[in-house]
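Q: File model_13.txt follows (compact mmCIF, C-alpha atoms):
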# COMPACT_ATOMS: atom_id res chain seq x y z
CA MET Q 108 -41.31 -20.53 -29.29
CA PRO Q 109 -42.21 -21.71 -25.77
CA VAL Q 110 -43.84 -19.40 -23.22
CA LEU Q 111 -43.23 -19.99 -19.50
CA THR Q 112 -46.35 -18.83 -17.67
CA ASN Q 113 -47.69 -18.76 -14.10
CA ILE Q 114 -44.39 -17.49 -12.68
CA GLY Q 115 -44.92 -16.31 -9.11
CA VAL Q 116 -41.94 -13.97 -9.31
CA LEU Q 117 -39.27 -13.66 -11.98
CA TYR Q 118 -35.90 -12.37 -10.78
CA THR Q 119 -34.28 -10.98 -13.91
CA CYS Q 120 -31.03 -9.99 -12.11
CA ALA Q 121 -30.24 -7.39 -14.74
CA GLY Q 122 -26.95 -5.59 -14.37
CA GLU Q 123 -28.53 -2.19 -13.80
CA GLY Q 124 -28.54 -0.90 -10.25
CA GLY Q 125 -26.59 -2.14 -7.28
CA GLN Q 126 -25.87 -5.51 -5.71
CA ALA Q 127 -29.37 -5.82 -4.20
CA ASP Q 128 -31.23 -4.86 -7.38
CA VAL Q 129 -32.54 -8.16 -8.75
CA HIS Q 130 -35.46 -6.54 -10.62
CA PRO Q 131 -38.33 -8.88 -9.61
CA VAL Q 132 -41.41 -9.15 -11.79
CA LYS Q 133 -44.47 -10.68 -10.11
CA ASN Q 134 -46.98 -12.84 -11.99
CA ALA Q 135 -44.58 -12.98 -14.90
CA ALA Q 136 -44.09 -14.78 -18.19
CA LEU Q 137 -40.97 -15.61 -20.15
CA VAL Q 138 -40.64 -16.34 -23.88
CA TRP Q 139 -37.66 -17.93 -25.58
CA GLN Q 140 -36.79 -19.06 -29.07
CA ARG Q 141 -34.18 -21.77 -29.53
CA ASP Q 142 -31.38 -20.77 -27.14
CA LYS Q 143 -32.26 -17.08 -26.62
CA ILE Q 144 -34.75 -15.21 -24.46
CA VAL Q 145 -37.00 -12.96 -26.56
CA TRP Q 146 -39.44 -11.44 -24.04
CA THR Q 147 -40.02 -11.09 -20.28
CA GLY Q 148 -42.65 -9.21 -18.33
CA ARG Q 149 -45.97 -9.48 -16.54
CA GLU Q 150 -48.11 -12.26 -17.92
CA THR Q 151 -51.00 -9.83 -18.44
CA ASP Q 152 -48.73 -7.86 -20.79
CA LEU Q 153 -47.79 -10.86 -22.96
CA PRO Q 154 -47.84 -9.60 -26.59
CA ASP Q 155 -50.48 -11.00 -28.93
CA GLN Q 156 -47.84 -12.63 -31.12
CA TYR Q 157 -47.02 -15.08 -28.30
CA GLN Q 158 -50.56 -15.83 -27.15
CA GLN Q 159 -50.94 -18.99 -29.23
CA GLU Q 160 -47.49 -20.42 -28.59
CA GLU Q 161 -46.81 -23.58 -26.59
CA THR Q 162 -46.89 -22.88 -22.85
CA VAL Q 163 -44.96 -24.31 -19.91
CA ASP Q 164 -46.49 -23.93 -16.44
CA ALA Q 165 -44.14 -22.66 -13.72
CA GLN Q 166 -46.81 -23.61 -11.14
CA GLY Q 167 -46.42 -20.33 -9.27
CA GLY Q 168 -42.73 -20.90 -8.56
CA ALA Q 169 -39.93 -18.37 -8.61
CA VAL Q 170 -37.72 -18.20 -11.70
CA ILE Q 171 -34.07 -17.17 -11.56
CA PRO Q 172 -31.22 -17.03 -14.09
CA GLY Q 173 -29.20 -20.22 -14.29
CA LEU Q 174 -26.70 -20.12 -11.44
CA VAL Q 175 -23.10 -19.42 -12.46
CA GLU Q 176 -20.34 -21.26 -10.60
CA CYS Q 177 -17.39 -18.93 -11.14
CA HIS Q 178 -14.75 -20.68 -8.98
CA THR Q 179 -14.29 -24.46 -8.74
CA HIS Q 180 -11.49 -27.03 -8.83
CA LEU Q 181 -13.78 -29.60 -10.41
CA ALA Q 182 -11.37 -32.35 -11.51
CA PHE Q 183 -9.15 -33.98 -8.90
CA GLY Q 184 -7.99 -37.36 -7.73
CA GLY Q 185 -8.90 -38.73 -4.30
CA TRP Q 186 -10.48 -36.91 -1.37
CA ARG Q 187 -9.11 -35.51 1.90
CA SER Q 188 -11.59 -36.48 4.60
CA ASP Q 189 -8.71 -37.32 6.97
CA GLU Q 190 -7.68 -33.66 6.90
CA PHE Q 191 -11.23 -32.65 7.76
CA GLU Q 192 -10.88 -34.67 10.96
CA LEU Q 193 -7.55 -33.00 11.77
CA ARG Q 194 -8.98 -29.52 11.24
CA SER Q 195 -11.99 -30.46 13.35
CA LEU Q 196 -9.56 -31.23 16.17
CA GLY Q 197 -7.87 -27.86 15.79
CA ARG Q 198 -4.90 -28.34 13.44
CA PRO Q 199 -4.47 -25.31 11.17
CA TYR Q 200 -4.66 -25.70 7.40
CA ILE Q 201 -1.14 -24.30 6.91
CA GLU Q 202 0.31 -26.79 9.43
CA ILE Q 203 -1.34 -29.69 7.58
CA ALA Q 204 0.01 -28.38 4.27
CA ARG Q 205 3.55 -28.07 5.62
CA ALA Q 206 3.37 -31.69 6.78
CA GLY Q 207 2.71 -32.89 3.22
CA GLY Q 208 -1.06 -32.66 3.21
CA GLY Q 209 -3.23 -30.03 1.63
CA ILE Q 210 -2.93 -29.28 -2.07
CA LEU Q 211 0.14 -31.45 -2.57
CA SER Q 212 -1.77 -34.47 -1.27
CA THR Q 213 -4.34 -33.97 -4.02
CA VAL Q 214 -1.56 -33.44 -6.55
CA ARG Q 215 -0.25 -36.95 -5.81
CA ASP Q 216 -3.69 -38.50 -6.26
CA THR Q 217 -4.44 -36.51 -9.39
CA ARG Q 218 -1.19 -37.45 -11.08
CA GLU Q 219 -2.01 -41.11 -10.47
CA ALA Q 220 -5.51 -40.83 -11.94
CA SER Q 221 -6.10 -41.36 -15.64
CA GLU Q 222 -7.84 -38.79 -17.79
CA ASP Q 223 -10.82 -41.12 -18.20
CA GLU Q 224 -11.08 -41.61 -14.43
CA LEU Q 225 -11.06 -37.86 -13.87
CA VAL Q 226 -13.72 -37.35 -16.55
CA GLU Q 227 -15.99 -39.96 -14.98
CA LYS Q 228 -15.64 -38.51 -11.49
CA ALA Q 229 -16.19 -34.92 -12.60
CA MET Q 230 -19.18 -35.95 -14.72
CA GLY Q 231 -20.83 -37.25 -11.58
CA HIS Q 232 -20.34 -33.88 -9.88
CA LEU Q 233 -21.73 -31.97 -12.87
CA THR Q 234 -24.82 -34.18 -12.98
CA GLN Q 235 -25.63 -33.24 -9.41
CA MET Q 236 -24.72 -29.58 -9.89
CA ARG Q 237 -27.19 -29.06 -12.69
CA LYS Q 238 -29.96 -30.37 -10.45
CA LEU Q 239 -29.25 -27.39 -8.18
CA GLY Q 240 -29.90 -24.90 -10.98
CA ILE Q 241 -26.28 -24.41 -12.04
CA THR Q 242 -25.83 -23.91 -15.79
CA THR Q 243 -22.23 -22.61 -16.12
CA VAL Q 244 -19.14 -23.87 -14.26
CA GLU Q 245 -15.63 -22.41 -14.15
CA CYS Q 246 -13.08 -25.20 -13.65
CA LYS Q 247 -9.43 -24.84 -12.65
CA SER Q 248 -6.45 -27.05 -13.20
CA GLY Q 249 -3.76 -26.83 -10.51
CA TYR Q 250 -3.57 -30.39 -9.21
CA GLY Q 251 -1.06 -31.56 -11.79
CA LEU Q 252 1.77 -29.03 -11.35
CA ASN Q 253 3.71 -30.39 -14.29
CA GLN Q 254 3.05 -29.93 -17.97
CA GLU Q 255 1.70 -33.42 -18.60
CA ASP Q 256 -0.78 -33.49 -15.75
CA GLU Q 257 -1.89 -29.86 -16.04
CA ILE Q 258 -2.70 -30.49 -19.70
CA LYS Q 259 -4.47 -33.70 -18.65
CA LEU Q 260 -6.78 -31.69 -16.40
CA LEU Q 261 -7.48 -29.08 -19.06
CA ASN Q 262 -8.23 -31.86 -21.55
CA VAL Q 263 -10.70 -33.27 -19.02
CA TYR Q 264 -12.53 -29.95 -19.08
CA ARG Q 265 -12.45 -29.76 -22.87
CA ARG Q 266 -14.04 -33.21 -23.05
CA LEU Q 267 -16.63 -32.42 -20.39
CA ASP Q 268 -17.69 -29.28 -22.23
CA VAL Q 269 -18.96 -31.38 -25.15
CA MET Q 270 -20.16 -34.41 -23.17
CA GLN Q 271 -22.83 -32.72 -21.07
CA PRO Q 272 -25.05 -29.61 -21.24
CA LEU Q 273 -23.40 -27.22 -18.77
CA ASP Q 274 -20.92 -24.67 -20.08
CA ILE Q 275 -17.38 -25.40 -18.86
CA ILE Q 276 -15.03 -22.43 -18.57
CA SER Q 277 -11.41 -23.50 -18.09
CA THR Q 278 -8.75 -21.78 -16.00
CA PHE Q 279 -5.04 -22.65 -15.92
CA LEU Q 280 -3.79 -22.77 -12.32
CA GLY Q 281 -0.32 -24.19 -12.80
CA ALA Q 282 0.80 -21.66 -10.18
CA HIS Q 283 -1.23 -23.29 -7.42
CA MET Q 284 1.81 -24.47 -5.46
CA VAL Q 285 5.45 -25.22 -6.15
CA PRO Q 286 5.52 -29.02 -6.69
CA PRO Q 287 7.74 -31.21 -4.49
CA GLU Q 288 10.28 -31.90 -7.22
CA PHE Q 289 11.02 -28.14 -7.40
CA LYS Q 290 10.96 -27.36 -3.67
CA ASP Q 291 14.67 -26.46 -3.73
CA ASP Q 292 14.50 -24.57 -7.02
CA ARG Q 293 11.43 -22.36 -7.19
CA GLU Q 294 12.94 -20.29 -9.99
CA ALA Q 295 13.11 -23.37 -12.22
CA TYR Q 296 9.39 -24.06 -11.77
CA ILE Q 297 8.49 -20.45 -12.45
CA SER Q 298 10.63 -20.63 -15.58
CA LEU Q 299 8.76 -23.79 -16.63
CA LEU Q 300 5.45 -21.98 -16.18
CA ILE Q 301 6.59 -18.98 -18.19
CA ARG Q 302 8.55 -20.65 -20.97
CA GLU Q 303 6.57 -23.82 -21.56
CA MET Q 304 3.26 -24.28 -19.75
CA ILE Q 305 1.58 -20.91 -20.27
CA PRO Q 306 2.59 -20.71 -23.95
CA TYR Q 307 1.31 -24.24 -24.59
CA VAL Q 308 -2.01 -23.59 -22.84
CA ALA Q 309 -2.53 -20.34 -24.72
CA ASP Q 310 -1.43 -21.62 -28.13
CA ASN Q 311 -3.76 -24.62 -27.84
CA GLN Q 312 -6.65 -22.58 -26.41
CA LEU Q 313 -6.95 -24.90 -23.41
CA ALA Q 314 -8.01 -22.15 -21.00
CA ARG Q 315 -9.56 -18.69 -21.00
CA PHE Q 316 -8.01 -17.61 -17.69
CA CYS Q 317 -4.73 -17.87 -15.82
CA ASP Q 318 -4.92 -18.02 -12.02
CA ILE Q 319 -2.38 -18.05 -9.17
CA PHE Q 320 -2.44 -18.69 -5.42
CA ILE Q 321 -0.65 -15.91 -3.54
CA GLU Q 322 0.06 -17.03 0.00
CA GLU Q 323 2.93 -17.86 2.35
CA THR Q 324 2.84 -21.53 1.31
CA ALA Q 325 2.38 -20.79 -2.40
CA PHE Q 326 3.64 -17.77 -4.41
CA SER Q 327 4.80 -14.30 -3.45
CA ILE Q 328 3.57 -11.01 -4.90
CA ASP Q 329 6.77 -10.59 -6.91
CA GLU Q 330 6.57 -14.13 -8.29
CA ALA Q 331 2.92 -13.61 -9.14
CA TYR Q 332 3.67 -10.39 -11.01
CA THR Q 333 6.23 -12.18 -13.17
CA ILE Q 334 3.98 -15.15 -13.93
CA LEU Q 335 0.81 -13.15 -14.55
CA SER Q 336 2.54 -10.59 -16.74
CA ASN Q 337 3.62 -13.48 -18.93
CA ALA Q 338 0.06 -14.80 -19.05
CA ILE Q 339 -1.17 -11.39 -20.18
CA ASP Q 340 1.40 -11.39 -22.97
CA TYR Q 341 -0.11 -14.68 -24.20
CA GLY Q 342 -3.65 -13.30 -24.18
CA LEU Q 343 -4.97 -15.03 -21.06
CA LEU Q 344 -7.35 -13.20 -18.73
CA LEU Q 345 -6.50 -13.17 -15.03
CA LYS Q 346 -8.19 -14.50 -11.90
CA LEU Q 347 -6.29 -14.50 -8.59
CA HIS Q 348 -6.53 -16.47 -5.32
CA VAL Q 349 -5.55 -13.75 -2.84
CA ASP Q 350 -5.71 -12.60 0.79
CA GLN Q 351 -7.26 -15.89 1.92
CA LEU Q 352 -5.19 -16.86 4.95
CA SER Q 353 -3.34 -13.58 5.51
CA ALA Q 354 -3.24 -10.03 4.18
CA GLY Q 355 -0.67 -10.02 1.41
CA GLY Q 356 -1.51 -7.23 -1.01
CA GLY Q 357 -3.10 -9.64 -3.47
CA ALA Q 358 -6.18 -7.53 -4.13
CA GLU Q 359 -3.97 -4.57 -4.97
CA LEU Q 360 -2.03 -6.72 -7.46
CA ALA Q 361 -5.26 -7.94 -9.04
CA ALA Q 362 -6.32 -4.34 -9.57
CA GLU Q 363 -2.90 -3.30 -10.90
CA LEU Q 364 -2.87 -6.08 -13.49
CA GLY Q 365 -6.49 -5.61 -14.56
CA ALA Q 366 -7.72 -9.00 -13.39
CA VAL Q 367 -11.28 -10.04 -14.08
CA SER Q 368 -11.69 -11.18 -10.47
CA ALA Q 369 -9.95 -11.42 -7.13
CA ASP Q 370 -11.10 -14.49 -5.19
CA HIS Q 371 -11.25 -15.34 -1.44
CA LEU Q 372 -10.29 -11.96 0.12
CA GLU Q 373 -11.03 -12.94 3.71
CA TYR Q 374 -8.12 -10.71 4.83
CA ILE Q 375 -8.39 -7.96 2.21
CA SER Q 376 -7.10 -4.55 3.32
CA ASP Q 377 -8.97 -1.27 3.06
CA LYS Q 378 -6.45 -0.26 0.41
CA GLY Q 379 -7.25 -3.45 -1.49
CA ILE Q 380 -10.98 -2.70 -1.34
CA ARG Q 381 -10.40 0.77 -2.77
CA ALA Q 382 -8.23 -0.68 -5.52
CA LEU Q 383 -10.91 -3.18 -6.58
CA ALA Q 384 -13.58 -0.47 -6.53
CA ASN Q 385 -11.48 1.89 -8.65
CA THR Q 386 -10.75 -0.73 -11.31
CA GLY Q 387 -14.00 -2.70 -11.45
CA VAL Q 388 -12.44 -6.03 -10.46
CA VAL Q 389 -15.11 -8.46 -9.19
CA ALA Q 390 -14.62 -9.82 -5.68
CA VAL Q 391 -15.45 -13.54 -5.55
CA SER Q 392 -16.75 -14.68 -2.20
CA LEU Q 393 -16.16 -18.32 -1.26
CA PRO Q 394 -18.03 -18.79 2.03
CA LEU Q 395 -17.74 -22.59 2.03
CA ALA Q 396 -13.95 -22.28 2.26
CA SER Q 397 -14.27 -19.83 5.15
CA PHE Q 398 -16.76 -22.18 6.80
CA TYR Q 399 -14.64 -25.34 6.45
CA LEU Q 400 -11.38 -23.61 7.43
CA ARG Q 401 -12.98 -21.58 10.25
CA GLN Q 402 -11.63 -18.39 8.73
CA PRO Q 403 -13.15 -14.94 9.06
CA ALA Q 404 -15.75 -14.26 6.40
CA LEU Q 405 -15.05 -11.99 3.47
CA PRO Q 406 -16.07 -8.40 4.47
CA ALA Q 407 -18.92 -8.25 2.01
CA ARG Q 408 -20.60 -5.18 3.48
CA LYS Q 409 -17.44 -3.08 3.20
CA LEU Q 410 -16.90 -4.28 -0.36
CA ILE Q 411 -20.48 -3.63 -1.48
CA GLU Q 412 -20.66 -0.24 0.23
CA SER Q 413 -17.40 0.70 -1.51
CA GLY Q 414 -18.90 -0.13 -4.90
CA VAL Q 415 -17.27 -3.52 -5.49
CA GLY Q 416 -19.42 -6.19 -7.15
CA VAL Q 417 -19.38 -9.38 -5.06
CA ALA Q 418 -19.86 -12.76 -6.74
CA VAL Q 419 -20.67 -15.89 -4.71
CA SER Q 420 -19.24 -19.31 -5.54
CA THR Q 421 -18.31 -22.56 -3.78
CA ASP Q 422 -14.56 -23.08 -4.37
CA PHE Q 423 -15.47 -26.76 -4.74
CA ASN Q 424 -12.31 -28.78 -4.09
CA PRO Q 425 -11.39 -31.88 -2.03
CA GLY Q 426 -9.72 -29.99 0.81
CA SER Q 427 -10.97 -26.60 1.91
CA ALA Q 428 -14.44 -26.65 0.29
CA PRO Q 429 -15.56 -30.23 -0.40
CA SER Q 430 -19.07 -29.30 -1.55
CA TYR Q 431 -20.51 -28.18 -4.89
CA HIS Q 432 -23.78 -27.05 -3.25
CA LEU Q 433 -23.94 -23.46 -4.44
CA PRO Q 434 -27.30 -22.69 -2.75
CA PHE Q 435 -25.71 -23.72 0.56
CA ALA Q 436 -22.81 -21.35 -0.12
CA MET Q 437 -25.34 -18.63 -0.90
CA SER Q 438 -27.10 -19.22 2.43
CA LEU Q 439 -23.76 -19.01 4.25
CA ALA Q 440 -23.05 -15.72 2.48
CA CYS Q 441 -26.25 -14.37 4.02
CA THR Q 442 -25.49 -15.54 7.55
CA PHE Q 443 -21.71 -15.08 7.75
CA GLN Q 444 -21.06 -12.24 5.30
CA HIS Q 445 -24.14 -10.15 6.13
CA MET Q 446 -25.37 -10.12 2.55
CA SER Q 447 -29.09 -9.92 1.87
CA PRO Q 448 -30.73 -12.77 -0.07
CA ALA Q 449 -31.15 -10.45 -3.06
CA GLU Q 450 -27.46 -9.46 -2.94
CA VAL Q 451 -26.49 -13.12 -2.82
CA LEU Q 452 -28.74 -14.03 -5.75
CA LYS Q 453 -27.22 -11.31 -7.89
CA GLY Q 454 -23.82 -12.49 -6.71
CA ALA Q 455 -24.43 -16.04 -7.96
CA THR Q 456 -25.88 -14.88 -11.28
CA PHE Q 457 -24.96 -11.49 -12.76
CA TYR Q 458 -21.76 -10.84 -10.79
CA ALA Q 459 -20.62 -14.45 -11.14
CA ALA Q 460 -21.07 -14.09 -14.90
CA LYS Q 461 -19.11 -10.83 -14.74
CA ALA Q 462 -16.34 -12.70 -12.90
CA LEU Q 463 -16.08 -14.82 -16.06
CA ARG Q 464 -16.52 -11.81 -18.37
CA MET Q 465 -19.73 -13.39 -19.66
CA GLU Q 466 -22.30 -10.96 -18.27
CA ASP Q 467 -23.40 -9.96 -21.78
CA ASP Q 468 -24.46 -13.54 -22.47
CA ILE Q 469 -25.54 -15.19 -19.19
CA GLY Q 470 -26.35 -14.32 -15.58
CA SER Q 471 -29.60 -12.43 -16.26
CA VAL Q 472 -33.03 -13.29 -17.67
CA GLN Q 473 -33.27 -10.65 -20.38
CA PRO Q 474 -34.10 -10.55 -24.10
CA GLY Q 475 -31.05 -11.39 -26.18
CA LYS Q 476 -29.36 -13.44 -23.47
CA ARG Q 477 -29.09 -17.21 -23.31
CA ALA Q 478 -32.21 -19.06 -22.19
CA ASP Q 479 -30.55 -20.37 -19.01
CA PHE Q 480 -32.98 -20.36 -16.10
CA ALA Q 481 -34.30 -22.42 -13.19
CA ILE Q 482 -37.79 -22.80 -11.73
CA LEU Q 483 -37.76 -22.95 -7.93
CA ASP Q 484 -40.29 -24.23 -5.42
CA THR Q 485 -40.25 -21.08 -3.32
CA PRO Q 486 -42.33 -17.90 -3.09
CA SER Q 487 -39.31 -15.57 -2.93
CA VAL Q 488 -35.54 -15.37 -2.71
CA ASN Q 489 -35.89 -14.34 0.94
CA HIS Q 490 -37.80 -17.52 1.74
CA TRP Q 491 -35.34 -19.63 -0.28
CA MET Q 492 -32.32 -18.42 1.70
CA TYR Q 493 -34.19 -18.43 5.02
CA HIS Q 494 -35.82 -21.88 4.77
CA PHE Q 495 -32.87 -23.95 3.58
CA ARG Q 496 -33.68 -27.28 1.99
CA GLY Q 497 -31.47 -29.71 0.12
CA ASN Q 498 -32.78 -28.65 -3.27
CA ILE Q 499 -35.80 -26.65 -4.38
CA CYS Q 500 -35.27 -26.77 -8.15
CA ARG Q 501 -38.32 -28.01 -10.03
CA SER Q 502 -36.66 -27.78 -13.42
CA VAL Q 503 -33.61 -26.28 -15.10
CA TYR Q 504 -33.22 -25.01 -18.66
CA LYS Q 505 -29.92 -24.61 -20.48
CA ASP Q 506 -29.88 -22.86 -23.87
CA GLY Q 507 -33.67 -23.25 -23.94
CA ILE Q 508 -33.61 -27.01 -23.40
CA GLN Q 509 -34.86 -28.61 -20.21
CA ILE Q 510 -31.98 -30.51 -18.57
CA VAL Q 511 -33.63 -31.26 -15.20
Would you mind writing the structure in this file as structure tokens?
A:
Amino acid sequence: MPVLTNIGVLYTCAGEGGQADVHPVKNAALVWQRDKIVWTGRETDLPDQYQQEETVDAQGGAVIPGLVECHTHLAFGGWRSDEFELRSLGRPYIEIARAGGGILSTVRDTREASEDELVEKAMGHLTQMRKLGITTVECKSGYGLNQEDEIKLLNVYRRLDVMQPLDIISTFLGAHMVPPEFKDDREAYISLLIREMIPYVADNQLARFCDIFIEETAFSIDEAYTILSNAIDYGLLLKLHVDQLSAGGGAELAAELGAVSADHLEYISDKGIRALANTGVVAVSLPLASFYLRQPALPARKLIESGVGVAVSTDFNPGSAPSYHLPFAMSLACTFQHMSPAEVLKGATFYAAKALRMEDDIGSVQPGKRADFAILDTPSVNHWMYHFRGNICRSVYKDGIQIV
């Protein structure tokens, strides 16, 4: 039963309170047994029963819950650095997509890649992600856009979940775009999603969530309602890409359908904010995508002040957010979205876990929860976000086992 001592400040990030309430405990200690936390508090209050247990020295560092990546597109073929150059020179994302680039470019590369190649590439990303303090990763399909290749991506995630220590949470995103072979028959692709792909994914337990991209170049509100209603019938939980490039009523649809989260939301309406607040849908902020696409930032202050919980994630993908550096995304959320460092920390822990409906298990350092935590070389969360460095993790624990 190890005891982590000499913690400068422990941020428990318990769910109680608001977005900024990270419940810091100075000069703290933490006790865990196997994969569960059993005690936290001030080191001077450590119960006698733990006094003789093995100790681990945090060396005065800050301790946080393991970071939760609640929105990534982890497995994909190729990269799209050429598009980065075009956007740098002023070409809009939608224009690039209409010319055959964007998501459909990655679809071509992903279809050509073997399952083993995708596993190897994604494993490399996960190895680096855990060094940043990330212990849980949501991973979407969506770069196959046919039954064979969508299942290939979900099988990649199933394999990765048992090959390495981080928890992999899979999401089916077959409704990412209409693939080229169905460009003249959208109804046929939607029928394929409803009649074959979603049932297969659900029956084989390949994903926990179903997602969709609602946008001018992707799917309409009416199409999304049809597809997502079918996913609900098959027992899948919902996560939606909405209001990213234009205001389209996506947040309102997420609330109407009882989604777990609504993601992006750069152009969310006031009505959409009220809808999320009234239904408890988590807003997932993806500041790296806003940064790379030069889009307005998600209106975090309006969301938080309206009572919406805001999670922070990277949207890691080869086009609009080609970085898995969650602490960098957190720093951008402070500067561009006017969130405080404490609000951002809770967004990347408790609210990110809530965006996966896992807040009862992860996202906080509390007795009874998983022993997922990171020791940071920083005196405080304010200093961490203010003095950005490549990586300040001294060590990372997943299910009570040191993985970094």
Q: Give the answer as one residue: which of Q:Pro434, Q:Gly115, Q:Gly454, Q:Pro406 has the shortest atom-to-atom distance to Q:Gly497, using only C-alpha atoms?
A: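 When distances to Q:Gly497 are compared using only C-alpha atoms, the smallest one comes from Q:Pro434.
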Q: Looking at all atoms listed in the file, which of Q:Ile241, Q:Arg315, Q:Gly426, Q:Phe443 is the one that sits closest to Q:Ser212?
A: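 For Q:Ser212, the nearest of the given residues is Q:Gly426.
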Q: Within 10 Å of (-10.9, -36.2, -3.9) in the file's own coordinates, which protein, DNA or RNA residues have an atom, counting only C-alpha atoms? List them as a list of chain:residue names.
A: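 Protein and nucleic acid residues near the point are Q:Leu181, Q:Ala182, Q:Phe183, Q:Gly184, Q:Gly185, Q:Trp186, Q:Arg187, Q:Ser188, Q:Ser212, Q:Thr213, Q:Asp216, Q:Thr217, Q:Lys228, Q:Asn424, Q:Pro425, Q:Gly426, Q:Pro429.
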Q: May I have the residues from that selection written out with C-alpha atoms, as a PDB file, in the frame of the given file?
A:
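The resulting file, selection-v6.pdb, is shown below:
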ATOM      1  CA  LEU Q 181     -13.780 -29.600 -10.410  1.00  0.00           C
ATOM      2  CA  ALA Q 182     -11.370 -32.350 -11.510  1.00  0.00           C
ATOM      3  CA  PHE Q 183      -9.150 -33.980  -8.900  1.00  0.00           C
ATOM      4  CA  GLY Q 184      -7.990 -37.360  -7.730  1.00  0.00           C
ATOM      5  CA  GLY Q 185      -8.900 -38.730  -4.300  1.00  0.00           C
ATOM      6  CA  TRP Q 186     -10.480 -36.910  -1.370  1.00  0.00           C
ATOM      7  CA  ARG Q 187      -9.110 -35.510   1.900  1.00  0.00           C
ATOM      8  CA  SER Q 188     -11.590 -36.480   4.600  1.00  0.00           C
ATOM      9  CA  SER Q 212      -1.770 -34.470  -1.270  1.00  0.00           C
ATOM     10  CA  THR Q 213      -4.340 -33.970  -4.020  1.00  0.00           C
ATOM     11  CA  ASP Q 216      -3.690 -38.500  -6.260  1.00  0.00           C
ATOM     12  CA  THR Q 217      -4.440 -36.510  -9.390  1.00  0.00           C
ATOM     13  CA  LYS Q 228     -15.640 -38.510 -11.490  1.00  0.00           C
ATOM     14  CA  ASN Q 424     -12.310 -28.780  -4.090  1.00  0.00           C
ATOM     15  CA  PRO Q 425     -11.390 -31.880  -2.030  1.00  0.00           C
ATOM     16  CA  GLY Q 426      -9.720 -29.990   0.810  1.00  0.00           C
ATOM     17  CA  PRO Q 429     -15.560 -30.230  -0.400  1.00  0.00           C
TER      18      PRO Q 429
END
Q: Residues within 9 Å of Q:Ala121, please, as a list of chain:residue names. Count all atoms listed in the file; anything in the same chain fewer than 3 positions from it doesn't count.
A: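 Final neighbour list, sorted by chain and number: Q:Tyr118, Q:Gly124, Q:Asp128, Q:Val129, Q:His130, Q:Lys453, Q:Phe457, Q:Gly470, Q:Ser471, Q:Val472, Q:Gln473.
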Q: Taking all atoms listed in the file into account, which of Q:Leu405, Q:Leu260, Q:Leu400, Q:Ala206 comes nearest Q:Leu372?
A: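 Closest candidate: Q:Leu405.
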Q: Taking (-11.5, -28.8, -20.4) in the file's own coordinates, collect the residues within 8 Å, counting all atoms listed in the file, and hand them back as number ranges by chain.
A: Q: 246, 260-268, 275-277, 313-314
Q: Would you pick out the contacts of stretch 367-370 of chain Q at 6 Å or less, using all atoms listed in the file, so that residues sharing its chain but fewer than 3 positions from it are not included, and give the list as a list in words?
A: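 Once the adjacent positions are removed, what remains is Leu345, Lys346, Leu347, His348, Val388, Val389, Ala390, Val391 and Ala462 of chain Q.
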Q: Using only C-alpha atoms, pick whichever of Q:Glu288, Q:Glu322, Q:Asp350, Q:Glu450 has the shortest atom-to-atom distance to Q:Ser376.
A: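 When distances to Q:Ser376 are compared using only C-alpha atoms, the smallest one comes from Q:Asp350.
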Q: Find, counting only C-alpha atoms, the residue in Q:Thr243, Q:Thr147, Q:Thr333, Q:Ser420 that gets nearest to Q:Glu294.
A: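 The closest residue to Q:Glu294 is Q:Thr333.
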Q: For stretch 353-366 of chain Q, work out the shell of residues within 6 Å, counting only C-alpha atoms and skipping chain neighbours fewer than 3 positions away, then give it as a list in words.
A: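 After dropping sequence-adjacent residues, the list is Leu345, Lys346, Val349, Asp350, Tyr374, Ile375, Gly379, Ala382, Leu383 and Thr386 of chain Q.
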Q: For Q:Leu153, work out the shell of residues within 10 Å, counting all atoms listed in the file and skipping chain neighbours fewer than 3 positions away, then give it as a VMD selection string.
A: chain Q and resid 110 112 135 to 138 146 to 150 156 to 158
Q: Taking 4 positions as the minimum chain separation for residues in the same chain, which residues sit within 9 Å of Q:Pro306 when counting all atoms listed in the file? Answer as a list in words.
A: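 Once the nearby chain positions are removed, what remains is Leu300, Ile301, Arg302, Asp310, Asn311, Asn337, Ala338 and Tyr341 of chain Q.
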Q: To one decimal place in Å, what is the distance between atom CA of Q:Arg464 and atom CA of Q:Leu410?
A: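 Calculated distance between atom CA of Q:Arg464 and atom CA of Q:Leu410 is 19.5 Å.
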Q: Quote the spacing between atom CA of Q:Ile380 and atom CA of Q:Ala440 in Å to one decimal place.
A: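 Separation between atom CA of Q:Ile380 and atom CA of Q:Ala440: 18.2 Å.
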Q: Counting only C-alpha atoms, which of Q:Ser392, Q:Thr421, Q:Thr485, Q:Ser430 gets nearest to Q:His371?
A: Q:Ser392
